[in-house]
Amino acid sequence: NAQLDYPSNRLANIADLTINEPVDIEYPDAESPGILLKLGQAVEGGVGPDGDIVAYSVLCPHKGWYLTYNAEDRSLNCPGHFSRFDAEVGGQQIWGHATQNLPQFTLRVDDKGDIYAEGCSDLIFGRPSNVL
Ligand code: FES
């Protein structure tokens with residue numbers, strides 16, 4: 001069945017976020033770590049009043065190493081084999097061995113400023129399906 005049922009999980013409130021300081025999250029479940037990030041300028045897939053809040057998996061699509069965020073160039077970087085992904089353009093791969101872009105979580109903000117994850121753009125590393 002291609003139709004996946006994603007959970008709607010509250011990640012944080014807009015008031016919890018500081019520009020360019022990632023917050024650790026898990027989505028769609030506890031085995032899938034990610035970051036929630038306010039970039040300070042509108043970007044692809046960005047939500048909130050400034051269109052600048054995004055979230056990504058931090059499991060490298062190549063072999064599942066944990067990515068680290070580089071605040072200077074707003075990229076996610078793999079210590080395994082050095083793949084790099086751009087947080088400002090939907091997790092697009094900048095360089096490296098991965099054969100897909102970084103999974104971006106689909107976000108929604110309600111009228112109280114609560115941020116929910118409700119989907120995912122690409123397959124999370126190591127999974128036959130994003131929702132198990
Ligand atoms: Fe990230 Fe290989 S696991 S580049």
# chains A, B, ... in the order shown; residues from 1 in each chain; ligands from 1

call {"tool": "closest_atom_pairs", "arguments": {"of": "chain A", "to": "ligand 1", "cutoff": "8 Å", "atoms": "only C-alpha atoms and all ligand atoms", "output": "tab-separated table"}}
result
residue	atom	partner	partner_atom_place_in_ligand_line	distance
A:Leu59	CA	ligand 1	1 (Fe)	7.9
A:Cys60	CA	ligand 1	1 (Fe)	4.6
A:Pro61	CA	ligand 1	1 (Fe)	6.5
A:His62	CA	ligand 1	3 (S)	4.5
A:Lys63	CA	ligand 1	3 (S)	3.8
A:Gly64	CA	ligand 1	3 (S)	5.0
A:Trp65	CA	ligand 1	3 (S)	4.6
A:Tyr66	CA	ligand 1	1 (Fe)	7.6
A:Leu67	CA	ligand 1	1 (Fe)	7.4
A:Asn77	CA	ligand 1	1 (Fe)	7.8
A:Cys78	CA	ligand 1	1 (Fe)	4.6
A:Pro79	CA	ligand 1	1 (Fe)	6.6
A:Gly80	CA	ligand 1	3 (S)	4.7
A:His81	CA	ligand 1	4 (S)	3.7
A:Phe82	CA	ligand 1	4 (S)	4.9
A:Ser83	CA	ligand 1	4 (S)	4.3
A:Arg84	CA	ligand 1	4 (S)	7.8
A:Gly96	CA	ligand 1	4 (S)	6.0
A:His97	CA	ligand 1	4 (S)	5.3
A:Ala98	CA	ligand 1	4 (S)	6.0

call {"tool": "write_last_selection", "arguments": {"atoms": "C-alpha atoms", "output": "tab-separated table (two decimals), in the first residue's frame"}}
result
chain	number	residue	atom	x	y	z
A	59	LEU	CA	20.46	9.51	9.74
A	60	CYS	CA	22.67	9.69	6.66
A	61	PRO	CA	20.88	8.11	3.66
A	62	HIS	CA	24.18	6.43	2.67
A	63	LYS	CA	24.84	4.10	5.61
A	64	GLY	CA	23.04	5.61	8.54
A	65	TRP	CA	25.76	7.51	10.36
A	66	TYR	CA	24.56	10.42	12.48
A	67	LEU	CA	24.78	13.76	10.72
A	77	ASN	CA	27.40	16.68	7.45
A	78	CYS	CA	28.28	13.02	7.70
A	79	PRO	CA	31.39	11.93	9.64
A	80	GLY	CA	31.19	8.50	7.96
A	81	HIS	CA	32.02	9.22	4.32
A	82	PHE	CA	31.52	12.97	4.27
A	83	SER	CA	28.21	13.39	2.48
A	84	ARG	CA	26.78	16.88	2.88
A	96	GLY	CA	28.92	12.58	-1.30
A	97	HIS	CA	28.01	8.95	-1.51
A	98	ALA	CA	24.35	9.00	-0.69

call {"tool": "residues_around", "arguments": {"residues": "stretch 105-118 of chain A", "least_positions_apart": "5", "cutoff": "8 Å", "atoms": "only C-alpha atoms", "output": "list in words"}}
result
Tyr6, Pro7, Ser8, Asn9, Arg10, Leu11, Ala12, Asn13, Ile14, Ala15, Tyr27, Pro28, Gly45, Gly46, Val47, Gly48, Val54, Ala55, Tyr56 and Ser57 of chain A

call {"tool": "write_last_selection", "arguments": {"atoms": "N, CA, C and O atoms", "output": "CSV table (one decimal), in the first residue's frame"}}
result
chain,number,residue,atom,x,y,z
A,6,TYR,N,1.0,8.6,8.3
A,6,TYR,CA,2.0,9.3,9.2
A,6,TYR,C,1.3,9.7,10.5
A,6,TYR,O,0.2,10.3,10.4
A,7,PRO,N,2.0,9.6,11.6
A,7,PRO,CA,1.4,10.2,12.8
A,7,PRO,C,1.6,11.7,12.8
A,7,PRO,O,2.5,12.2,12.1
A,8,SER,N,0.8,12.4,13.5
A,8,SER,CA,1.0,13.8,13.7
A,8,SER,C,1.6,14.0,15.1
A,8,SER,O,0.9,13.8,16.1
A,9,ASN,N,2.8,14.4,15.2
A,9,ASN,CA,3.5,14.5,16.4
A,9,ASN,C,3.9,15.9,16.7
A,9,ASN,O,4.6,16.5,15.9
A,10,ARG,N,3.6,16.4,17.9
A,10,ARG,CA,4.0,17.7,18.3
A,10,ARG,C,5.5,17.7,18.6
A,10,ARG,O,6.0,16.9,19.4
A,11,LEU,N,6.3,18.6,18.0
A,11,LEU,CA,7.7,18.6,18.2
A,11,LEU,C,8.2,19.7,19.2
A,11,LEU,O,9.1,19.5,19.9
A,12,ALA,N,7.5,20.9,19.1
A,12,ALA,CA,8.0,22.0,19.9
A,12,ALA,C,7.0,23.1,19.6
A,12,ALA,O,6.1,23.0,18.8
A,13,ASN,N,7.2,24.3,20.3
A,13,ASN,CA,6.5,25.5,20.0
A,13,ASN,C,7.4,26.5,19.3
A,13,ASN,O,8.6,26.5,19.6
A,14,ILE,N,6.9,27.3,18.5
A,14,ILE,CA,7.8,28.3,17.8
A,14,ILE,C,8.6,29.1,18.8
A,14,ILE,O,9.8,29.4,18.6
A,15,ALA,N,8.0,29.4,20.0
A,15,ALA,CA,8.7,30.2,21.0
A,15,ALA,C,9.9,29.4,21.6
A,15,ALA,O,10.8,30.1,22.2
A,27,TYR,N,11.1,11.5,14.8
A,27,TYR,CA,9.9,11.4,14.0
A,27,TYR,C,10.2,10.3,12.9
A,27,TYR,O,11.2,10.4,12.3
A,28,PRO,N,9.2,9.5,12.6
A,28,PRO,CA,7.9,9.4,13.1
A,28,PRO,C,7.8,8.6,14.4
A,28,PRO,O,6.7,8.4,15.0
A,45,GLY,N,9.9,24.2,1.8
A,45,GLY,CA,9.3,23.4,2.8
A,45,GLY,C,9.2,24.1,4.2
A,45,GLY,O,8.8,23.4,5.2
A,46,GLY,N,9.6,25.3,4.3
A,46,GLY,CA,9.6,26.0,5.6
A,46,GLY,C,8.2,26.4,6.0
A,46,GLY,O,7.4,26.8,5.2
A,47,VAL,N,7.9,26.3,7.3
A,47,VAL,CA,6.6,26.7,7.8
A,47,VAL,C,6.8,27.8,8.9
A,47,VAL,O,7.9,28.2,9.2
A,48,GLY,N,5.6,28.2,9.4
A,48,GLY,CA,5.6,29.3,10.4
A,48,GLY,C,5.5,30.7,9.8
A,48,GLY,O,5.5,30.8,8.5
A,54,VAL,N,12.1,24.2,9.5
A,54,VAL,CA,12.3,23.0,8.7
A,54,VAL,C,12.7,21.9,9.7
A,54,VAL,O,13.1,22.2,10.8
A,55,ALA,N,12.6,20.6,9.3
A,55,ALA,CA,13.0,19.5,10.1
A,55,ALA,C,13.5,18.4,9.1
A,55,ALA,O,13.0,18.2,8.1
A,56,TYR,N,14.6,17.8,9.6
A,56,TYR,CA,15.2,16.7,8.8
A,56,TYR,C,15.6,15.5,9.7
A,56,TYR,O,15.9,15.7,10.8
A,57,SER,N,15.6,14.4,9.0
A,57,SER,CA,16.3,13.2,9.6
A,57,SER,C,17.7,13.5,9.8
A,57,SER,O,18.3,14.2,9.0

call {"tool": "closest_residue", "arguments": {"among": "A:Asp73, A:Ala30, A:Asn130, A:Leu36", "to": "A:Phe85", "atoms": "only C-alpha atoms"}}
result
A:Asp73

call {"tool": "residues_around", "arguments": {"residues": "A:Ala42", "least_positions_apart": "2", "cutoff": "9 Å", "atoms": "only C-alpha atoms", "output": "mmCIF file with N, CA, C and O atoms, in the first residue's frame"}}
result
data_model
loop_
_atom_site.group_PDB
_atom_site.id
_atom_site.type_symbol
_atom_site.label_atom_id
_atom_site.label_comp_id
_atom_site.auth_asym_id
_atom_site.auth_seq_id
_atom_site.Cartn_x
_atom_site.Cartn_y
_atom_site.Cartn_z
ATOM 1 N N LEU A 39 15.570 28.800 10.396
ATOM 2 C CA LEU A 39 16.715 29.276 9.617
ATOM 3 C C LEU A 39 16.821 30.797 9.533
ATOM 4 O O LEU A 39 17.877 31.328 9.215
ATOM 5 N N GLY A 40 15.719 31.507 9.786
ATOM 6 C CA GLY A 40 15.795 32.971 9.755
ATOM 7 C C GLY A 40 15.459 33.593 8.411
ATOM 8 O O GLY A 40 15.422 34.810 8.281
ATOM 9 N N GLU A 44 12.577 26.364 1.171
ATOM 10 C CA GLU A 44 11.762 25.271 0.647
ATOM 11 C C GLU A 44 11.220 24.414 1.792
ATOM 12 O O GLU A 44 11.985 23.944 2.635
ATOM 13 N N GLY A 45 9.902 24.243 1.808
ATOM 14 C CA GLY A 45 9.289 23.402 2.827
ATOM 15 C C GLY A 45 9.209 24.063 4.188
ATOM 16 O O GLY A 45 8.805 23.438 5.159
ATOM 17 N N GLY A 46 9.608 25.341 4.274
ATOM 18 C CA GLY A 46 9.606 26.037 5.561
ATOM 19 C C GLY A 46 8.193 26.427 5.987
ATOM 20 O O GLY A 46 7.381 26.797 5.154
ATOM 21 N N VAL A 47 7.917 26.347 7.296
ATOM 22 C CA VAL A 47 6.605 26.719 7.825
ATOM 23 C C VAL A 47 6.771 27.814 8.880
ATOM 24 O O VAL A 47 7.884 28.219 9.195
ATOM 25 N N ASP A 50 7.413 33.051 9.303
ATOM 26 C CA ASP A 50 8.533 33.467 8.460
ATOM 27 C C ASP A 50 8.888 32.437 7.384
ATOM 28 O O ASP A 50 9.836 32.634 6.623
ATOM 29 N N GLY A 51 8.149 31.321 7.348
ATOM 30 C CA GLY A 51 8.415 30.286 6.353
ATOM 31 C C GLY A 51 9.820 29.720 6.452
ATOM 32 O O GLY A 51 10.399 29.288 5.449
ATOM 33 N N ASP A 52 10.358 29.694 7.664
ATOM 34 C CA ASP A 52 11.783 29.351 7.811
ATOM 35 C C ASP A 52 12.040 28.165 8.743
ATOM 36 O O ASP A 52 13.188 27.888 9.074
ATOM 37 N N ILE A 53 10.973 27.469 9.171
ATOM 38 C CA ILE A 53 11.148 26.349 10.103
ATOM 39 C C ILE A 53 11.092 25.035 9.328
ATOM 40 O O ILE A 53 10.130 24.772 8.609
ATOM 41 N N GLU A 88 18.889 24.455 3.594
ATOM 42 C CA GLU A 88 18.108 25.568 3.032
ATOM 43 C C GLU A 88 17.393 25.204 1.735
ATOM 44 O O GLU A 88 16.580 25.986 1.240
#

call {"tool": "closest_residue", "arguments": {"among": "A:Ala87, A:Ile25, A:Val58, A:Leu102", "to": "A:Ala71", "atoms": "only C-alpha atoms"}}
result
A:Ala87

call {"tool": "closest_residue", "arguments": {"among": "A:Glu72, A:Glu21, A:Asp29, A:Asp86", "to": "A:Val131", "atoms": "only C-alpha atoms"}}
result
A:Asp29

call {"tool": "atom_distance", "arguments": {"atom1": "atom CA of A:Lys38", "atom2": "atom CA of A:Gly126"}}
result
27.0 Å

call {"tool": "select_by_dssp", "arguments": {"residues": "chain A", "states": "strand (DSSP E or B)", "output": "number ranges by chain"}}
result
A: 9-13, 18, 21, 23-26, 33-38, 47, 53-57, 59, 66, 68-70, 75-77, 84-86, 92-95, 104-109, 114-120

call {"tool": "atom_distance", "arguments": {"atom1": "atom CA of A:Asn20", "atom2": "atom CA of A:Leu37"}}
result
6.4 Å
